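For reference, my_file.txt (compact mmCIF, N, CA and C atoms):
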```txt
# COMPACT_ATOMS: atom_id res chain seq x y z
N MET A 1 86.47 158.07 30.66
CA MET A 1 86.43 158.18 32.10
C MET A 1 85.55 157.07 32.66
N THR A 2 86.03 156.42 33.69
CA THR A 2 85.28 155.35 34.34
C THR A 2 84.38 155.94 35.41
N GLN A 3 83.13 155.55 35.38
CA GLN A 3 82.17 156.02 36.37
C GLN A 3 81.98 154.95 37.43
N THR A 4 82.05 155.34 38.69
CA THR A 4 81.79 154.42 39.78
C THR A 4 80.30 154.47 40.10
N LEU A 5 79.68 153.32 40.08
CA LEU A 5 78.25 153.24 40.37
C LEU A 5 78.04 152.80 41.81
N SER A 6 76.99 153.29 42.41
CA SER A 6 76.59 152.77 43.71
C SER A 6 75.30 152.00 43.49
N TRP A 7 74.95 151.15 44.44
CA TRP A 7 73.76 150.32 44.29
C TRP A 7 73.24 149.93 45.66
N LYS A 8 72.03 149.42 45.66
CA LYS A 8 71.44 148.78 46.84
C LYS A 8 70.58 147.65 46.30
N LEU A 9 70.39 146.64 47.10
CA LEU A 9 69.51 145.55 46.73
C LEU A 9 68.17 145.82 47.38
N VAL A 10 67.11 145.92 46.58
CA VAL A 10 65.76 146.20 47.08
C VAL A 10 64.98 144.89 47.08
N ILE A 11 64.36 144.59 48.22
CA ILE A 11 63.66 143.32 48.39
C ILE A 11 62.22 143.60 48.83
N ASP A 12 61.27 143.05 48.07
CA ASP A 12 59.86 143.18 48.46
C ASP A 12 59.62 142.42 49.75
N SER A 13 58.71 142.95 50.57
CA SER A 13 58.54 142.38 51.90
C SER A 13 57.13 142.64 52.43
N ALA A 14 56.64 141.72 53.25
CA ALA A 14 55.39 141.95 53.97
C ALA A 14 55.65 142.79 55.21
N ASP A 15 56.80 142.60 55.85
CA ASP A 15 57.18 143.34 57.06
C ASP A 15 58.62 143.82 56.92
N PRO A 16 58.81 145.00 56.33
CA PRO A 16 60.18 145.47 56.07
C PRO A 16 61.02 145.62 57.33
N HIS A 17 60.41 145.97 58.45
CA HIS A 17 61.19 146.18 59.67
C HIS A 17 61.70 144.86 60.25
N ALA A 18 60.88 143.83 60.20
CA ALA A 18 61.33 142.52 60.66
C ALA A 18 62.43 141.98 59.73
N GLN A 19 62.26 142.17 58.44
CA GLN A 19 63.27 141.71 57.49
C GLN A 19 64.59 142.46 57.66
N ALA A 20 64.53 143.77 57.82
CA ALA A 20 65.76 144.54 58.04
C ALA A 20 66.44 144.09 59.32
N GLY A 21 65.67 143.82 60.36
CA GLY A 21 66.24 143.34 61.61
C GLY A 21 66.89 141.97 61.46
N PHE A 22 66.22 141.05 60.75
CA PHE A 22 66.79 139.72 60.52
C PHE A 22 68.11 139.83 59.78
N TRP A 23 68.11 140.54 58.64
CA TRP A 23 69.31 140.60 57.81
C TRP A 23 70.43 141.40 58.48
N ALA A 24 70.09 142.41 59.27
CA ALA A 24 71.13 143.13 60.01
C ALA A 24 71.83 142.17 60.97
N GLU A 25 71.05 141.37 61.70
CA GLU A 25 71.65 140.39 62.62
C GLU A 25 72.41 139.31 61.85
N ALA A 26 71.84 138.82 60.75
CA ALA A 26 72.46 137.75 59.99
C ALA A 26 73.82 138.17 59.43
N LEU A 27 73.92 139.40 58.95
CA LEU A 27 75.13 139.85 58.26
C LEU A 27 76.05 140.73 59.10
N GLY A 28 75.65 141.04 60.33
CA GLY A 28 76.46 141.96 61.13
C GLY A 28 76.30 143.40 60.66
N TYR A 29 75.16 143.71 60.06
CA TYR A 29 74.85 145.06 59.58
C TYR A 29 74.11 145.81 60.69
N VAL A 30 73.74 147.05 60.42
CA VAL A 30 72.92 147.83 61.33
C VAL A 30 71.65 148.27 60.59
N VAL A 31 70.56 148.33 61.32
CA VAL A 31 69.32 148.86 60.75
C VAL A 31 69.49 150.37 60.67
N GLU A 32 69.22 150.94 59.50
CA GLU A 32 69.37 152.38 59.34
C GLU A 32 68.45 153.14 60.27
N ASP A 33 68.95 154.26 60.76
CA ASP A 33 68.18 155.14 61.64
C ASP A 33 67.79 156.38 60.84
N ASN A 34 66.55 156.40 60.37
CA ASN A 34 66.03 157.55 59.62
C ASN A 34 65.25 158.50 60.50
N SER A 35 65.23 158.25 61.81
CA SER A 35 64.35 159.00 62.71
C SER A 35 64.63 160.51 62.74
N PRO A 36 65.88 160.99 62.71
CA PRO A 36 66.05 162.45 62.72
C PRO A 36 65.40 163.12 61.50
N LEU A 37 65.56 162.52 60.32
CA LEU A 37 64.94 163.08 59.12
C LEU A 37 63.43 163.00 59.22
N ILE A 38 62.90 161.88 59.66
CA ILE A 38 61.45 161.71 59.77
C ILE A 38 60.87 162.74 60.73
N GLU A 39 61.51 162.92 61.89
CA GLU A 39 61.02 163.90 62.88
C GLU A 39 61.03 165.31 62.28
N ARG A 40 62.08 165.64 61.54
CA ARG A 40 62.16 166.97 60.91
C ARG A 40 61.05 167.14 59.87
N LEU A 41 60.80 166.13 59.05
CA LEU A 41 59.76 166.22 58.04
C LEU A 41 58.37 166.27 58.66
N LEU A 42 58.15 165.51 59.73
CA LEU A 42 56.87 165.58 60.44
C LEU A 42 56.65 166.96 61.02
N SER A 43 57.67 167.52 61.66
CA SER A 43 57.56 168.86 62.26
C SER A 43 57.24 169.93 61.23
N ALA A 44 57.77 169.76 60.03
CA ALA A 44 57.54 170.73 58.96
C ALA A 44 56.22 170.49 58.24
N GLY A 45 55.52 169.40 58.58
CA GLY A 45 54.27 169.09 57.90
C GLY A 45 54.47 168.54 56.51
N ALA A 46 55.69 168.08 56.20
CA ALA A 46 56.01 167.61 54.85
C ALA A 46 55.59 166.16 54.61
N VAL A 47 55.38 165.40 55.68
CA VAL A 47 54.91 164.02 55.54
C VAL A 47 53.82 163.78 56.57
N PRO A 48 52.86 162.92 56.26
CA PRO A 48 51.80 162.62 57.25
C PRO A 48 52.29 161.61 58.28
N GLU A 49 51.71 161.68 59.44
CA GLU A 49 52.01 160.72 60.51
C GLU A 49 51.79 159.29 60.04
N ALA A 50 50.80 159.07 59.18
CA ALA A 50 50.46 157.73 58.69
C ALA A 50 51.59 157.10 57.87
N ALA A 51 52.54 157.90 57.40
CA ALA A 51 53.66 157.37 56.62
C ALA A 51 54.76 156.81 57.52
N THR A 52 54.56 156.90 58.84
CA THR A 52 55.59 156.48 59.78
C THR A 52 55.07 155.42 60.75
N THR A 53 56.01 154.83 61.46
CA THR A 53 55.70 153.86 62.51
C THR A 53 56.83 153.93 63.52
N HIS A 54 56.80 153.09 64.52
CA HIS A 54 57.91 152.94 65.45
C HIS A 54 58.46 151.53 65.28
N ALA A 55 59.76 151.43 65.05
CA ALA A 55 60.42 150.14 64.89
C ALA A 55 61.85 150.26 65.39
N HIS A 56 62.35 149.21 65.94
CA HIS A 56 63.73 149.18 66.45
C HIS A 56 63.98 150.30 67.46
N GLY A 57 62.91 150.64 68.22
CA GLY A 57 63.04 151.63 69.28
C GLY A 57 63.07 153.08 68.83
N ARG A 58 62.62 153.36 67.61
CA ARG A 58 62.65 154.74 67.11
C ARG A 58 61.63 154.92 65.99
N ARG A 59 61.42 156.16 65.61
CA ARG A 59 60.51 156.48 64.50
C ARG A 59 61.12 155.95 63.21
N ALA A 60 60.27 155.40 62.34
CA ALA A 60 60.73 154.81 61.08
C ALA A 60 59.67 155.02 60.01
N TRP A 61 60.08 154.86 58.76
CA TRP A 61 59.12 154.88 57.66
C TRP A 61 58.25 153.64 57.77
N ARG A 62 56.98 153.77 57.54
CA ARG A 62 56.05 152.65 57.66
C ARG A 62 56.35 151.54 56.66
N ASP A 63 56.66 151.90 55.44
CA ASP A 63 56.76 150.92 54.37
C ASP A 63 58.17 150.64 53.88
N LEU A 64 59.18 151.18 54.54
CA LEU A 64 60.57 150.98 54.13
C LEU A 64 61.45 150.78 55.35
N ALA A 65 62.43 149.91 55.21
CA ALA A 65 63.46 149.75 56.24
C ALA A 65 64.70 149.21 55.54
N ALA A 66 65.85 149.62 56.03
CA ALA A 66 67.10 149.19 55.38
C ALA A 66 68.12 148.75 56.42
N ALA A 67 68.99 147.86 55.98
CA ALA A 67 70.14 147.42 56.77
C ALA A 67 71.38 147.77 55.95
N ARG A 68 72.38 148.35 56.63
CA ARG A 68 73.60 148.74 55.93
C ARG A 68 74.81 148.23 56.68
N HIS A 69 75.91 148.11 55.95
CA HIS A 69 77.17 147.68 56.56
C HIS A 69 77.63 148.78 57.52
N PRO A 70 78.03 148.43 58.74
CA PRO A 70 78.38 149.45 59.73
C PRO A 70 79.62 150.27 59.39
N ASP A 71 80.48 149.77 58.52
CA ASP A 71 81.71 150.49 58.18
C ASP A 71 81.56 151.39 56.96
N ASP A 72 80.44 151.29 56.26
CA ASP A 72 80.25 152.07 55.04
C ASP A 72 79.73 153.47 55.37
N PRO A 73 80.00 154.43 54.49
CA PRO A 73 79.53 155.79 54.73
C PRO A 73 78.01 155.87 54.67
N TYR A 74 77.47 156.86 55.38
CA TYR A 74 76.04 157.10 55.35
C TYR A 74 75.79 158.59 55.55
N ASP A 75 74.63 159.04 55.11
CA ASP A 75 74.23 160.43 55.26
C ASP A 75 73.76 160.65 56.69
N GLU A 76 74.42 161.51 57.41
CA GLU A 76 74.08 161.72 58.83
C GLU A 76 72.73 162.41 59.00
N VAL A 77 72.26 163.13 58.01
CA VAL A 77 70.97 163.81 58.10
C VAL A 77 69.82 162.83 57.91
N SER A 78 69.92 161.97 56.90
CA SER A 78 68.83 161.05 56.59
C SER A 78 69.03 159.65 57.17
N GLY A 79 70.27 159.29 57.50
CA GLY A 79 70.57 157.94 57.97
C GLY A 79 70.74 156.94 56.85
N THR A 80 70.62 157.39 55.60
CA THR A 80 70.69 156.51 54.44
C THR A 80 72.13 156.10 54.14
N GLY A 81 72.35 154.80 54.01
CA GLY A 81 73.67 154.28 53.69
C GLY A 81 74.07 154.55 52.26
N HIS A 82 75.39 154.69 52.06
CA HIS A 82 75.94 154.91 50.71
C HIS A 82 76.84 153.76 50.28
N GLY A 83 76.68 152.61 50.90
CA GLY A 83 77.52 151.47 50.57
C GLY A 83 76.69 150.21 50.47
N ARG A 84 77.20 149.16 51.06
CA ARG A 84 76.52 147.86 51.04
C ARG A 84 75.23 147.98 51.84
N ARG A 85 74.09 147.79 51.13
CA ARG A 85 72.80 148.14 51.72
C ARG A 85 71.70 147.25 51.17
N LEU A 86 70.81 146.80 52.06
CA LEU A 86 69.60 146.07 51.68
C LEU A 86 68.41 146.91 52.07
N LEU A 87 67.55 147.23 51.12
CA LEU A 87 66.35 148.03 51.38
C LEU A 87 65.13 147.12 51.22
N PHE A 88 64.30 147.09 52.24
CA PHE A 88 63.09 146.28 52.23
C PHE A 88 61.89 147.21 52.07
N GLN A 89 61.06 146.92 51.06
CA GLN A 89 59.88 147.74 50.81
C GLN A 89 58.63 146.89 50.95
N ARG A 90 57.64 147.46 51.64
CA ARG A 90 56.38 146.74 51.84
C ARG A 90 55.64 146.62 50.52
N VAL A 91 55.16 145.42 50.25
CA VAL A 91 54.30 145.16 49.10
C VAL A 91 53.08 144.39 49.60
N PRO A 92 51.93 144.54 48.95
CA PRO A 92 50.72 143.88 49.44
C PRO A 92 50.64 142.39 49.11
N GLU A 93 51.30 141.97 48.03
CA GLU A 93 51.16 140.58 47.61
C GLU A 93 52.23 139.70 48.26
N PRO A 94 51.90 138.44 48.53
CA PRO A 94 52.87 137.52 49.12
C PRO A 94 53.86 137.01 48.08
N LYS A 95 54.96 136.47 48.55
CA LYS A 95 55.93 135.82 47.67
C LYS A 95 55.24 134.60 47.06
N THR A 96 55.41 134.40 45.75
CA THR A 96 54.69 133.31 45.09
C THR A 96 55.58 132.29 44.40
N GLY A 97 56.85 132.58 44.20
CA GLY A 97 57.70 131.64 43.47
C GLY A 97 59.14 131.72 43.93
N LYS A 98 59.98 131.02 43.22
CA LYS A 98 61.40 131.00 43.53
C LYS A 98 62.02 132.36 43.23
N ASN A 99 62.96 132.76 44.07
CA ASN A 99 63.69 134.01 43.83
C ASN A 99 64.43 133.93 42.50
N ARG A 100 64.50 135.03 41.78
CA ARG A 100 65.33 135.13 40.59
C ARG A 100 66.71 135.66 40.95
N LEU A 101 66.84 136.15 42.16
CA LEU A 101 68.09 136.70 42.68
C LEU A 101 68.15 136.31 44.15
N HIS A 102 69.33 135.92 44.62
CA HIS A 102 69.43 135.58 46.04
C HIS A 102 70.77 136.02 46.60
N ILE A 103 70.85 136.05 47.91
CA ILE A 103 72.06 136.43 48.62
C ILE A 103 72.82 135.16 48.97
N ASP A 104 74.13 135.17 48.76
CA ASP A 104 75.00 134.10 49.23
C ASP A 104 75.70 134.61 50.48
N VAL A 105 75.60 133.87 51.57
CA VAL A 105 76.25 134.22 52.83
C VAL A 105 77.41 133.23 53.02
N HIS A 106 78.61 133.76 53.22
CA HIS A 106 79.80 132.92 53.37
C HIS A 106 80.24 132.91 54.83
N SER A 107 80.30 131.74 55.41
CA SER A 107 80.76 131.61 56.79
C SER A 107 82.27 131.38 56.81
N ALA A 108 82.86 131.53 57.97
CA ALA A 108 84.28 131.24 58.14
C ALA A 108 84.50 129.73 57.95
N PRO A 109 85.69 129.33 57.53
CA PRO A 109 85.96 127.90 57.35
C PRO A 109 85.60 127.08 58.60
N GLY A 110 84.85 125.99 58.37
CA GLY A 110 84.45 125.11 59.45
C GLY A 110 83.31 125.62 60.31
N ARG A 111 82.69 126.75 59.95
CA ARG A 111 81.66 127.37 60.79
C ARG A 111 80.27 127.31 60.17
N ARG A 112 80.11 126.63 59.03
CA ARG A 112 78.81 126.66 58.36
C ARG A 112 77.69 126.12 59.23
N ASP A 113 77.89 125.00 59.89
CA ASP A 113 76.82 124.42 60.70
C ASP A 113 76.45 125.34 61.86
N ALA A 114 77.45 125.94 62.50
CA ALA A 114 77.17 126.88 63.60
C ALA A 114 76.43 128.11 63.08
N GLU A 115 76.81 128.60 61.90
CA GLU A 115 76.11 129.75 61.32
C GLU A 115 74.68 129.38 60.96
N ALA A 116 74.48 128.19 60.43
CA ALA A 116 73.12 127.75 60.10
C ALA A 116 72.26 127.72 61.37
N GLU A 117 72.80 127.21 62.46
CA GLU A 117 72.06 127.19 63.72
C GLU A 117 71.73 128.60 64.19
N ARG A 118 72.71 129.53 64.07
CA ARG A 118 72.49 130.91 64.49
C ARG A 118 71.39 131.55 63.65
N LEU A 119 71.42 131.32 62.33
CA LEU A 119 70.41 131.90 61.45
C LEU A 119 69.04 131.31 61.70
N VAL A 120 68.97 130.03 61.99
CA VAL A 120 67.69 129.41 62.33
C VAL A 120 67.14 130.03 63.61
N ALA A 121 68.01 130.28 64.58
CA ALA A 121 67.57 130.92 65.83
C ALA A 121 67.03 132.33 65.58
N LEU A 122 67.49 132.99 64.50
CA LEU A 122 67.00 134.32 64.14
C LEU A 122 65.70 134.28 63.34
N GLY A 123 65.30 133.08 62.88
CA GLY A 123 64.05 132.96 62.14
C GLY A 123 64.17 132.34 60.76
N ALA A 124 65.39 131.99 60.34
CA ALA A 124 65.58 131.34 59.04
C ALA A 124 65.16 129.88 59.13
N ARG A 125 64.98 129.27 57.97
CA ARG A 125 64.72 127.83 57.90
C ARG A 125 65.80 127.20 57.03
N GLU A 126 66.21 126.01 57.43
CA GLU A 126 67.25 125.29 56.72
C GLU A 126 66.62 124.34 55.72
N GLY A 127 67.18 124.30 54.52
CA GLY A 127 66.68 123.42 53.47
C GLY A 127 67.72 122.39 53.06
N ARG A 128 67.78 122.14 51.81
CA ARG A 128 68.65 121.11 51.24
C ARG A 128 70.11 121.52 51.23
N THR A 129 71.00 120.56 51.49
CA THR A 129 72.44 120.78 51.43
C THR A 129 72.95 120.23 50.10
N PHE A 130 73.83 120.99 49.46
CA PHE A 130 74.44 120.59 48.19
C PHE A 130 75.94 120.41 48.40
N ASP A 131 76.45 119.27 47.97
CA ASP A 131 77.89 118.99 47.97
C ASP A 131 78.27 118.67 46.54
N GLU A 132 78.93 119.62 45.90
CA GLU A 132 79.29 119.45 44.50
C GLU A 132 80.77 119.76 44.33
N GLN A 133 81.27 119.50 43.15
CA GLN A 133 82.69 119.71 42.87
C GLN A 133 83.12 121.15 43.15
N GLY A 134 82.24 122.09 42.88
CA GLY A 134 82.58 123.51 43.07
C GLY A 134 82.43 124.00 44.50
N GLY A 135 81.90 123.17 45.40
CA GLY A 135 81.74 123.61 46.78
C GLY A 135 80.56 122.94 47.45
N SER A 136 80.32 123.38 48.66
CA SER A 136 79.24 122.84 49.46
C SER A 136 78.47 124.01 50.06
N TRP A 137 77.15 123.93 50.04
CA TRP A 137 76.32 124.99 50.61
C TRP A 137 74.97 124.42 51.01
N VAL A 138 74.28 125.19 51.83
CA VAL A 138 72.93 124.82 52.24
C VAL A 138 71.99 125.94 51.79
N VAL A 139 70.87 125.56 51.21
CA VAL A 139 69.86 126.54 50.82
C VAL A 139 68.99 126.79 52.05
N MET A 140 68.82 128.05 52.37
CA MET A 140 68.02 128.45 53.52
C MET A 140 66.98 129.46 53.06
N THR A 141 66.01 129.74 53.92
CA THR A 141 65.05 130.80 53.63
C THR A 141 65.01 131.74 54.82
N ASP A 142 64.82 133.03 54.52
CA ASP A 142 64.69 134.02 55.58
C ASP A 142 63.28 133.93 56.17
N PRO A 143 62.93 134.74 57.16
CA PRO A 143 61.60 134.63 57.78
C PRO A 143 60.41 134.79 56.84
N GLU A 144 60.61 135.43 55.68
CA GLU A 144 59.51 135.58 54.73
C GLU A 144 59.58 134.59 53.57
N GLY A 145 60.51 133.63 53.65
CA GLY A 145 60.58 132.59 52.64
C GLY A 145 61.49 132.88 51.46
N ASN A 146 62.27 133.96 51.52
CA ASN A 146 63.22 134.27 50.45
C ASN A 146 64.43 133.36 50.58
N GLU A 147 64.79 132.70 49.48
CA GLU A 147 65.92 131.78 49.50
C GLU A 147 67.24 132.53 49.58
N PHE A 148 68.19 131.94 50.29
CA PHE A 148 69.58 132.38 50.28
C PHE A 148 70.45 131.15 50.50
N CYS A 149 71.71 131.25 50.14
CA CYS A 149 72.63 130.12 50.29
C CYS A 149 73.65 130.45 51.37
N LEU A 150 73.99 129.45 52.15
CA LEU A 150 75.01 129.56 53.18
C LEU A 150 76.09 128.56 52.86
N SER A 151 77.31 129.08 52.69
CA SER A 151 78.44 128.18 52.45
C SER A 151 79.45 128.32 53.55
```
What would the structure in this file look like if it were written as structure tokens?
Amino acid sequence: MTQTLSWKLVIDSADPHAQAGFWAEALGYVVEDNSPLIERLLSAGAVPEAATTHAHGRRAWRDLAAARHPDDPYDEVSGTGHGRRLLFQRVPEPKTGKNRLHIDVHSAPGRRDAEAERLVALGAREGRTFDEQGGSWVVMTDPEGNEFCLS
């Protein structure tokens, strides 16, 4: 029997809410809304107020934020996505080296330069462009310096 696995990409972050907002805008995703679950847990005394914050106009977990694809299923009680999802978790240490894993963002044909400009306006930085036999892409960094490629 074949088992279908689900997954999410977890990314360490200094500011998970800013990162979730950047990547939601960059990819056309939505920032997950966990506020109904958080409010219920706070009311029940199951979590401390210090575990929460306000972000994106609603109550959120202080140290976690996620962006999910708007067409994928999600749990209506918790707001947690069950499909294509990026989860950002707060960590105390800064990024110190090159990513061992990165996201490739594919633009529509002929739209790479316009997409690079849009991403820079959102807080990304543009780096070196590569033109090789297998394709052409530009290495960019998100607002926290994580590398990604735009083709």
Considering only strand (DSSP E or B) as DSSP defines it on the backbone, what residues of region 47-142 of chain A qualify? List them as an MDAnalysis selection string.
chainID A and resid 52:55 58:61 64:68 74 81 85:90 103:105 125:132 135:141
At a cut-off of 9 Å around the point (60.0, 137.5, 61.4) (file coordinates), what residues fall inside when counting only C-alpha atoms? I'd like the answer as a PyMOL selection string.
chain A and resi 15+17-19+21-22+122-124+142-144
Taking the DSSP assignment computed from this structure's backbone, write out as a list in words all residues of region 2-113 of chain A that belong to helix (DSSP H, G or I).
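Residues of region 2-113 of chain A classed as helix (DSSP H, G or I): Pro16, His17, Ala18, Gln19, Ala20, Gly21, Phe22, Trp23, Ala24, Glu25, Ala26, Leu27, Ser35, Pro36, Leu37, Ile38, Glu39, Arg40, Leu41, Leu42, Ser43, Glu49, Ala50, Ala51, Arg112 and Asp113 of chain A.
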Suppose we keep N, CA and C atoms; can you now write the selection as an mmCIF file, keeping the file's coordinate frame?
```cif
data_model
loop_
_atom_site.group_PDB
_atom_site.id
_atom_site.type_symbol
_atom_site.label_atom_id
_atom_site.label_comp_id
_atom_site.auth_asym_id
_atom_site.auth_seq_id
_atom_site.Cartn_x
_atom_site.Cartn_y
_atom_site.Cartn_z
ATOM 1 N N PRO A 16 58.810 145.000 56.330
ATOM 2 C CA PRO A 16 60.180 145.470 56.070
ATOM 3 C C PRO A 16 61.020 145.620 57.330
ATOM 4 N N HIS A 17 60.410 145.970 58.450
ATOM 5 C CA HIS A 17 61.190 146.180 59.670
ATOM 6 C C HIS A 17 61.700 144.860 60.250
ATOM 7 N N ALA A 18 60.880 143.830 60.200
ATOM 8 C CA ALA A 18 61.330 142.520 60.660
ATOM 9 C C ALA A 18 62.430 141.980 59.730
ATOM 10 N N GLN A 19 62.260 142.170 58.440
ATOM 11 C CA GLN A 19 63.270 141.710 57.490
ATOM 12 C C GLN A 19 64.590 142.460 57.660
ATOM 13 N N ALA A 20 64.530 143.770 57.820
ATOM 14 C CA ALA A 20 65.760 144.540 58.040
ATOM 15 C C ALA A 20 66.440 144.090 59.320
ATOM 16 N N GLY A 21 65.670 143.820 60.360
ATOM 17 C CA GLY A 21 66.240 143.340 61.610
ATOM 18 C C GLY A 21 66.890 141.970 61.460
ATOM 19 N N PHE A 22 66.220 141.050 60.750
ATOM 20 C CA PHE A 22 66.790 139.720 60.520
ATOM 21 C C PHE A 22 68.110 139.830 59.780
ATOM 22 N N TRP A 23 68.110 140.540 58.640
ATOM 23 C CA TRP A 23 69.310 140.600 57.810
ATOM 24 C C TRP A 23 70.430 141.400 58.480
ATOM 25 N N ALA A 24 70.090 142.410 59.270
ATOM 26 C CA ALA A 24 71.130 143.130 60.010
ATOM 27 C C ALA A 24 71.830 142.170 60.970
ATOM 28 N N GLU A 25 71.050 141.370 61.700
ATOM 29 C CA GLU A 25 71.650 140.390 62.620
ATOM 30 C C GLU A 25 72.410 139.310 61.850
ATOM 31 N N ALA A 26 71.840 138.820 60.750
ATOM 32 C CA ALA A 26 72.460 137.750 59.990
ATOM 33 C C ALA A 26 73.820 138.170 59.430
ATOM 34 N N LEU A 27 73.920 139.400 58.950
ATOM 35 C CA LEU A 27 75.130 139.850 58.260
ATOM 36 C C LEU A 27 76.050 140.730 59.100
ATOM 37 N N SER A 35 65.230 158.250 61.810
ATOM 38 C CA SER A 35 64.350 159.000 62.710
ATOM 39 C C SER A 35 64.630 160.510 62.740
ATOM 40 N N PRO A 36 65.880 160.990 62.710
ATOM 41 C CA PRO A 36 66.050 162.450 62.720
ATOM 42 C C PRO A 36 65.400 163.120 61.500
ATOM 43 N N LEU A 37 65.560 162.520 60.320
ATOM 44 C CA LEU A 37 64.940 163.080 59.120
ATOM 45 C C LEU A 37 63.430 163.000 59.220
ATOM 46 N N ILE A 38 62.900 161.880 59.660
ATOM 47 C CA ILE A 38 61.450 161.710 59.770
ATOM 48 C C ILE A 38 60.870 162.740 60.730
ATOM 49 N N GLU A 39 61.510 162.920 61.890
ATOM 50 C CA GLU A 39 61.020 163.900 62.880
ATOM 51 C C GLU A 39 61.030 165.310 62.280
ATOM 52 N N ARG A 40 62.080 165.640 61.540
ATOM 53 C CA ARG A 40 62.160 166.970 60.910
ATOM 54 C C ARG A 40 61.050 167.140 59.870
ATOM 55 N N LEU A 41 60.800 166.130 59.050
ATOM 56 C CA LEU A 41 59.760 166.220 58.040
ATOM 57 C C LEU A 41 58.370 166.270 58.660
ATOM 58 N N LEU A 42 58.150 165.510 59.730
ATOM 59 C CA LEU A 42 56.870 165.580 60.440
ATOM 60 C C LEU A 42 56.650 166.960 61.020
ATOM 61 N N SER A 43 57.670 167.520 61.660
ATOM 62 C CA SER A 43 57.560 168.860 62.260
ATOM 63 C C SER A 43 57.240 169.930 61.230
ATOM 64 N N GLU A 49 51.710 161.680 59.440
ATOM 65 C CA GLU A 49 52.010 160.720 60.510
ATOM 66 C C GLU A 49 51.790 159.290 60.040
ATOM 67 N N ALA A 50 50.800 159.070 59.180
ATOM 68 C CA ALA A 50 50.460 157.730 58.690
ATOM 69 C C ALA A 50 51.590 157.100 57.870
ATOM 70 N N ALA A 51 52.540 157.900 57.400
ATOM 71 C CA ALA A 51 53.660 157.370 56.620
ATOM 72 C C ALA A 51 54.760 156.810 57.520
ATOM 73 N N ARG A 112 80.110 126.630 59.030
ATOM 74 C CA ARG A 112 78.810 126.660 58.360
ATOM 75 C C ARG A 112 77.690 126.120 59.230
ATOM 76 N N ASP A 113 77.890 125.000 59.890
ATOM 77 C CA ASP A 113 76.820 124.420 60.700
ATOM 78 C C ASP A 113 76.450 125.340 61.860
#
```
Tell me which protein, DNA and RNA residues are within 9 Å of Arg84 (chain A), counting only C-alpha atoms, leaving out same-chain ones fewer than 6 positions away, and put them as a list in words.
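Near Arg84 (chain A), the qualifying residues are Ser6, Trp7, Lys8, Leu9, Ala67, Arg68, His69 and Asp72 of chain A.
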Per residue of region 13-42 of chain A within 6.5 Å of region 56-63 of chain A, what are the shortest atom pair and its distance in Å to one decimal, counting only N, CA and C atoms, with rows by chain and residue number, as JSON lines?
```
{"residue": "A:Pro16", "atom": "CA", "partner": "A:Asp63", "partner_atom": "C", "distance": 6.0}
{"residue": "A:Asn34", "atom": "C", "partner": "A:Arg59", "partner_atom": "C", "distance": 5.6}
{"residue": "A:Ser35", "atom": "CA", "partner": "A:Arg59", "partner_atom": "C", "distance": 4.5}
```
Atomic distance CA of Ala24 (chain A) - CA of Ala116 (chain A), expressed in Å with one decimal
15.5 Å
So which residues touch Ser78 (chain A) within 8 Å, counting all atoms listed in the file, skipping near sequence neighbours fewer than 2 positions away, as a list of chain:residue names?
A:Glu32, A:Asp33, A:Asn34, A:Ser35, A:Pro36, A:Leu37, A:Ile38, A:Tyr74, A:Asp75, A:Glu76, A:Thr80, A:Gly81
Store the residues picked out above, limited to N, CA and C atoms, as a CSV table (one decimal), in the coordinates of the input.
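To be explicit, this is the file written out as part.csv:
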```
chain,number,residue,atom,x,y,z
A,32,GLU,N,69.2,150.9,59.5
A,32,GLU,CA,69.4,152.4,59.3
A,32,GLU,C,68.4,153.1,60.3
A,33,ASP,N,69.0,154.3,60.8
A,33,ASP,CA,68.2,155.1,61.6
A,33,ASP,C,67.8,156.4,60.8
A,34,ASN,N,66.6,156.4,60.4
A,34,ASN,CA,66.0,157.6,59.6
A,34,ASN,C,65.2,158.5,60.5
A,35,SER,N,65.2,158.2,61.8
A,35,SER,CA,64.4,159.0,62.7
A,35,SER,C,64.6,160.5,62.7
A,36,PRO,N,65.9,161.0,62.7
A,36,PRO,CA,66.0,162.4,62.7
A,36,PRO,C,65.4,163.1,61.5
A,37,LEU,N,65.6,162.5,60.3
A,37,LEU,CA,64.9,163.1,59.1
A,37,LEU,C,63.4,163.0,59.2
A,38,ILE,N,62.9,161.9,59.7
A,38,ILE,CA,61.4,161.7,59.8
A,38,ILE,C,60.9,162.7,60.7
A,74,TYR,N,77.5,156.9,55.4
A,74,TYR,CA,76.0,157.1,55.4
A,74,TYR,C,75.8,158.6,55.6
A,75,ASP,N,74.6,159.0,55.1
A,75,ASP,CA,74.2,160.4,55.3
A,75,ASP,C,73.8,160.6,56.7
A,76,GLU,N,74.4,161.5,57.4
A,76,GLU,CA,74.1,161.7,58.8
A,76,GLU,C,72.7,162.4,59.0
A,80,THR,N,70.6,157.4,55.6
A,80,THR,CA,70.7,156.5,54.4
A,80,THR,C,72.1,156.1,54.1
A,81,GLY,N,72.4,154.8,54.0
A,81,GLY,CA,73.7,154.3,53.7
A,81,GLY,C,74.1,154.6,52.3
```
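Note that CA of Leu41 (chain A) and atom N of Ala20 (chain A) are 23.0 Å apart.
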Mind checking which residues fall within 12 Å of Glu117 (chain A), counting only C-alpha atoms, ignoring those fewer than 5 positions away in the same chain, and posting them as a list in words?
Ala26, Ser107, Arg111, Arg112, Leu122, Gly123, Ala124, Arg125, Glu126, Val138, Met140 and Leu150 of chain A
Which is closer to Leu119 (chain A) than all the others in A:Gly79, A:Thr141, A:Val91, A:Thr96, using all atoms listed in the file?
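Result for the nearest residue to Leu119 (chain A): A:Thr141.
Counting from atom N of Asn99 (chain A), the distance to CA of Val30 (chain A) is 25.0 Å.
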If we count only C-alpha atoms, what is near Val139 (chain A) at a cut-off of 7 Å, once residues fewer than 4 positions away on the same chain are taken out, given as an MDAnalysis selection string?
chainID A and resid 126:129 147:150
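Of the listed residues A:Leu42, A:Leu27, A:Ala66, A:Val77, the one whose atoms come nearest to Val105 (chain A) is A:Leu27, with distances taken using only C-alpha atoms.
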